[in-house]
Amino acid sequence: MQEGAAIQISADPFAVAAFIGYLGVIVAIGVLSARFSSAGVSEFFVGGRKMHRFVVALSAVVSGRSAWLLLGVTGMAYSIGAGAVWAVTGYITTELFLFLFYARRLRHFSEAHDCVTVPDFYAARFGDHDGRLRTVLIAIILIFMVGYVSSQFVGGGKAFAASFGLHPTVGIWLTALIVLAYTALGGFLAVSLSDTLQACIMIVALVVVPLVAIVDRGGLVAVVNELQAFDPTMIDPLALSVGVIIGFLGIGLGSPGNPHIIVRYMSIADPDQLRASAVVGTVWNVVMAWGALFIGLAGRVYFPDVAMLPGADTEQLYPVLAAQHLHPLAFGIVVASIFAAIISTADSQLLVAASSVVRDFYEKILHRGEQIPQSRLVLYSRIVVVLLVLAALVVGLLAEALVFWLVLFAWAGLGASFGPTSILALYWRGTTRAGVIAGLITGTAITFAWELIPWFDAQLARLGPAFADGLYELVPAFLGGLLATLIVSRLTRPPAGVAGMFDDMRGG
Amino acid sequence: MNLAFGLVMFVLPAAIIGTAVVLALLTKKRGG
């Protein structure tokens, strides 16, 4: 098979029409949402807390799933087989509990204290009058989010390059321009509505592609039998080291700490509807994830040797398999689903980063206590979105080869800092501001240290073969952040009025 | 078909969705 040939769709008018139609709808959503989002920062950054349960469910789910699910998990299942199931089980289970319990408390508190951003929640919960806690939160968001967004742009650029035969740099620019157009214009509403549409495209593609591929091969039993004959470990979910399984399950620790997911919970119109969001979000998460797993497994039967894939790259499996089995129009939708995954994550991250600059830094620190016209704040928000896109573009273009590891690294850094601190802030009355600052810094520091210094994984490997493959940095960093918050909180005094705040979380 | 494979590929996803439905109903009852 010639490199890139299988996923070249530029020649087929059906596929190009499907893809351009999808892009047109996304940009139209941005234009139509612009009027609503111009009303103020609450509308621009959290949709005026008027989002429907279905929109919140799908937007929260797909904001957390980048191209990692469509290209990474399919490739992982292709390489290691059924063991890849642990990489999706952790985050799906965590997000189910977040929807049902964590989200409701956060949403009630946010309304009572007029919180628009996640740092707003921390500042209100811990009486952060001098802005010290907010400053730490802004720094962590910006450190991880710019790289995170740039990795999405690079992913989009590569997908453009593979699909349309464009140069990757042109693809990166195009991805950035599309995200910029509807995010800067339509704010949170455009991002949430487009995420909902993209969630629908993704789930259709992730059901149709494995179904058609498996049926074409004679059915599920035939595919499993072929896999077993090829390599029995492909159908053994426990054929991985304990360290790898813990690391895979530990991916779920990132969900409560990624502000672009958390802020979705704050936007629902009626907190009681979060129960319905939990069911819808979980069904979507499960169907998409298992669809990706079945694509990987079926793909191994079609391409037993990785050299049969373009560039021997397992991440090419999904589009290649789709190109082989689908009508060009349906294949255009599959290519759109890859962009949907990338764009629905990048837009949410961009908005969170912009809100930390405009709402948290400019309004709440630089001009604290002043009345700033809402129209000016919305204008500044749009300008900051443009500047952040440029910053992410610079990072993406300068460090194109480096940015992919940033996806799991940023997920870990945000998860280890915001995750344990936000859970304790919502559930433990003894949590203090000093404890949270300690937890945020410790979680971030361990993420960097574990990733950059091989000594940690080397020490772990000495424990035995179970940890021979190392451990995802999120697991030790989350535990470190949790311990630091607990210990320092024990040594310091909680803010006044904690009982009233916990009443606010219950909606009382 | 391998038992562990059947469990993680079919029973596990069904169990997760089932848990979501049951918990959503239980929390509704508790909330009155």
# chains A, B, ... in the order shown; residues from 1 in each chain; ligands from 1

call {"tool": "residues_around", "arguments": {"residues": "region 13-24 of chain A", "least_positions_apart": "4", "cutoff": "7 Å", "atoms": "only C-alpha atoms", "output": "PyMOL selection string"}}
result
chain A and resi 9+28+328-329+331-333+336

call {"tool": "residues_around", "arguments": {"residues": "Ala322 (chain A)", "least_positions_apart": "3", "cutoff": "10 Å", "atoms": "only C-alpha atoms", "output": "PyMOL selection string"}}
result
chain A and resi 6-7+205+208-210+212-213+295+317-319+325-328+330-335

call {"tool": "write_last_selection", "arguments": {"atoms": "N, CA and C atoms", "output": "PDB file, in the first residue's frame"}}
result
ATOM      1  N   ALA A   6      -4.214   5.582   0.748  1.00  0.00           N
ATOM      2  CA  ALA A   6      -5.511   5.074   1.157  1.00  0.00           C
ATOM      3  C   ALA A   6      -6.399   6.163   1.749  1.00  0.00           C
ATOM      4  N   ILE A   7      -5.800   7.211   2.314  1.00  0.00           N
ATOM      5  CA  ILE A   7      -6.646   8.200   2.969  1.00  0.00           C
ATOM      6  C   ILE A   7      -6.657   9.520   2.206  1.00  0.00           C
ATOM      7  N   ALA A 205     -19.573   7.491  13.161  1.00  0.00           N
ATOM      8  CA  ALA A 205     -18.390   6.931  12.503  1.00  0.00           C
ATOM      9  C   ALA A 205     -17.817   5.766  13.303  1.00  0.00           C
ATOM     10  N   VAL A 208     -20.216   2.717  12.757  1.00  0.00           N
ATOM     11  CA  VAL A 208     -20.315   2.194  11.385  1.00  0.00           C
ATOM     12  C   VAL A 208     -19.009   1.514  10.943  1.00  0.00           C
ATOM     13  N   VAL A 209     -17.878   2.158  11.202  1.00  0.00           N
ATOM     14  CA  VAL A 209     -16.604   1.612  10.688  1.00  0.00           C
ATOM     15  C   VAL A 209     -16.312   0.203  11.228  1.00  0.00           C
ATOM     16  N   PRO A 210     -16.360  -0.024  12.563  1.00  0.00           N
ATOM     17  CA  PRO A 210     -16.074  -1.395  13.026  1.00  0.00           C
ATOM     18  C   PRO A 210     -17.138  -2.397  12.586  1.00  0.00           C
ATOM     19  N   VAL A 212     -19.028  -2.455   9.825  1.00  0.00           N
ATOM     20  CA  VAL A 212     -18.848  -2.841   8.425  1.00  0.00           C
ATOM     21  C   VAL A 212     -17.593  -3.713   8.271  1.00  0.00           C
ATOM     22  N   ALA A 213     -16.516  -3.315   8.951  1.00  0.00           N
ATOM     23  CA  ALA A 213     -15.254  -4.071   8.826  1.00  0.00           C
ATOM     24  C   ALA A 213     -15.423  -5.491   9.359  1.00  0.00           C
ATOM     25  N   ILE A 295     -12.433  -1.280  16.280  1.00  0.00           N
ATOM     26  CA  ILE A 295     -11.708  -0.888  15.056  1.00  0.00           C
ATOM     27  C   ILE A 295     -10.275  -1.422  15.118  1.00  0.00           C
ATOM     28  N   LEU A 317      -4.601   3.605  11.075  1.00  0.00           N
ATOM     29  CA  LEU A 317      -5.515   2.471  10.890  1.00  0.00           C
ATOM     30  C   LEU A 317      -6.959   2.907  10.643  1.00  0.00           C
ATOM     31  N   TYR A 318      -7.454   3.807  11.473  1.00  0.00           N
ATOM     32  CA  TYR A 318      -8.873   4.196  11.404  1.00  0.00           C
ATOM     33  C   TYR A 318      -9.250   4.761  10.029  1.00  0.00           C
ATOM     34  N   PRO A 319      -8.558   5.791   9.526  1.00  0.00           N
ATOM     35  CA  PRO A 319      -8.937   6.275   8.198  1.00  0.00           C
ATOM     36  C   PRO A 319      -8.694   5.257   7.087  1.00  0.00           C
ATOM     37  N   HIS A 325     -13.604   0.320   3.313  1.00  0.00           N
ATOM     38  CA  HIS A 325     -14.911  -0.318   3.480  1.00  0.00           C
ATOM     39  C   HIS A 325     -16.110   0.583   3.217  1.00  0.00           C
ATOM     40  N   LEU A 326     -15.911   1.897   3.115  1.00  0.00           N
ATOM     41  CA  LEU A 326     -17.070   2.794   3.037  1.00  0.00           C
ATOM     42  C   LEU A 326     -17.185   3.500   1.693  1.00  0.00           C
ATOM     43  N   HIS A 327     -18.416   3.923   1.392  1.00  0.00           N
ATOM     44  CA  HIS A 327     -18.670   4.784   0.233  1.00  0.00           C
ATOM     45  C   HIS A 327     -17.929   6.115   0.469  1.00  0.00           C
ATOM     46  N   PRO A 328     -17.457   6.769  -0.594  1.00  0.00           N
ATOM     47  CA  PRO A 328     -16.702   8.016  -0.402  1.00  0.00           C
ATOM     48  C   PRO A 328     -17.435   9.074   0.432  1.00  0.00           C
ATOM     49  N   ALA A 330     -19.544   8.505   2.926  1.00  0.00           N
ATOM     50  CA  ALA A 330     -19.402   8.082   4.330  1.00  0.00           C
ATOM     51  C   ALA A 330     -17.964   8.260   4.781  1.00  0.00           C
ATOM     52  N   PHE A 331     -17.018   8.051   3.868  1.00  0.00           N
ATOM     53  CA  PHE A 331     -15.620   8.237   4.240  1.00  0.00           C
ATOM     54  C   PHE A 331     -15.330   9.713   4.547  1.00  0.00           C
ATOM     55  N   GLY A 332     -15.990  10.598   3.793  1.00  0.00           N
ATOM     56  CA  GLY A 332     -15.860  12.033   4.089  1.00  0.00           C
ATOM     57  C   GLY A 332     -16.314  12.329   5.508  1.00  0.00           C
ATOM     58  N   ILE A 333     -17.352  11.636   5.962  1.00  0.00           N
ATOM     59  CA  ILE A 333     -17.842  11.832   7.335  1.00  0.00           C
ATOM     60  C   ILE A 333     -16.836  11.276   8.346  1.00  0.00           C
ATOM     61  N   VAL A 334     -16.175  10.179   7.987  1.00  0.00           N
ATOM     62  CA  VAL A 334     -15.144   9.627   8.882  1.00  0.00           C
ATOM     63  C   VAL A 334     -13.988  10.623   9.040  1.00  0.00           C
ATOM     64  N   VAL A 335     -13.576  11.215   7.927  1.00  0.00           N
ATOM     65  CA  VAL A 335     -12.510  12.224   8.021  1.00  0.00           C
ATOM     66  C   VAL A 335     -13.007  13.404   8.866  1.00  0.00           C
TER      67      VAL A 335
END

call {"tool": "residues_around", "arguments": {"residues": "region 1-17 of chain B", "least_positions_apart": "5", "cutoff": "12 Å", "atoms": "only C-alpha atoms", "output": "number ranges by chain"}}
result
A: 77, 81-86, 88-97, 220-229, 232-239, 278-294, 297; B: 22-24

call {"tool": "residues_around", "arguments": {"residues": "Ala161 (chain A)", "least_positions_apart": "2", "cutoff": "10 Å", "atoms": "only C-alpha atoms", "output": "ChimeraX atom specification"}}
result
/A:4,7-8,155-159,163-172

call {"tool": "residues_around", "arguments": {"residues": "Arg107 (chain A)", "least_positions_apart": "4", "cutoff": "7 Å", "atoms": "only C-alpha atoms", "output": "PyMOL selection string"}}
result
chain A and resi 103+111+265-266+271

call {"tool": "closest_residue", "arguments": {"among": "A:Thr74, A:Ser344, A:Gln273, A:Gln316", "to": "chain B", "atoms": "only C-alpha atoms"}}
result
A:Gln273

call {"tool": "select_by_dssp", "arguments": {"residues": "chain B", "states": "alpha helix (DSSP H)", "output": "JSON, numbers by chain"}}
result
{"B": [3, 4, 5, 6, 12, 13, 14, 15, 16, 17, 18, 19, 20, 21, 22, 23, 24, 25, 26, 27, 28, 29, 30, 31]}

call {"tool": "closest_residue", "arguments": {"among": "A:Ile423, A:Leu98, A:Val378, A:Ala123", "to": "chain B", "atoms": "only C-alpha atoms"}}
result
A:Leu98

call {"tool": "residues_around", "arguments": {"residues": "region 482-495 of chain A", "least_positions_apart": "3", "cutoff": "10 Å", "atoms": "only C-alpha atoms", "output": "PyMOL selection string"}}
result
chain A and resi 125-128+416-421+423-425+428-443+476-479+498

call {"tool": "residues_around", "arguments": {"residues": "region 445-458 of chain A", "least_positions_apart": "6", "cutoff": "9 Å", "atoms": "only C-alpha atoms", "output": "PyMOL selection string"}}
result
chain A and resi 409-410+412-413+416+467-474+476-478+480-481

call {"tool": "atom_distance", "arguments": {"atom1": "CA of Arg300 (chain A)", "atom2": "CA of Ile338 (chain A)"}}
result
20.2 Å

call {"tool": "atom_distance", "arguments": {"atom1": "CA of Leu185 (chain A)", "atom2": "CA of Lys364 (chain A)"}}
result
23.3 Å

call {"tool": "closest_residue", "arguments": {"among": "A:Ala323, A:Val154, A:Leu274, A:Met51", "to": "chain B", "atoms": "only C-alpha atoms"}}
result
A:Leu274

call {"tool": "atom_distance", "arguments": {"atom1": "CA of Tyr362 (chain A)", "atom2": "CA of Ala139 (chain A)"}}
result
13.6 Å
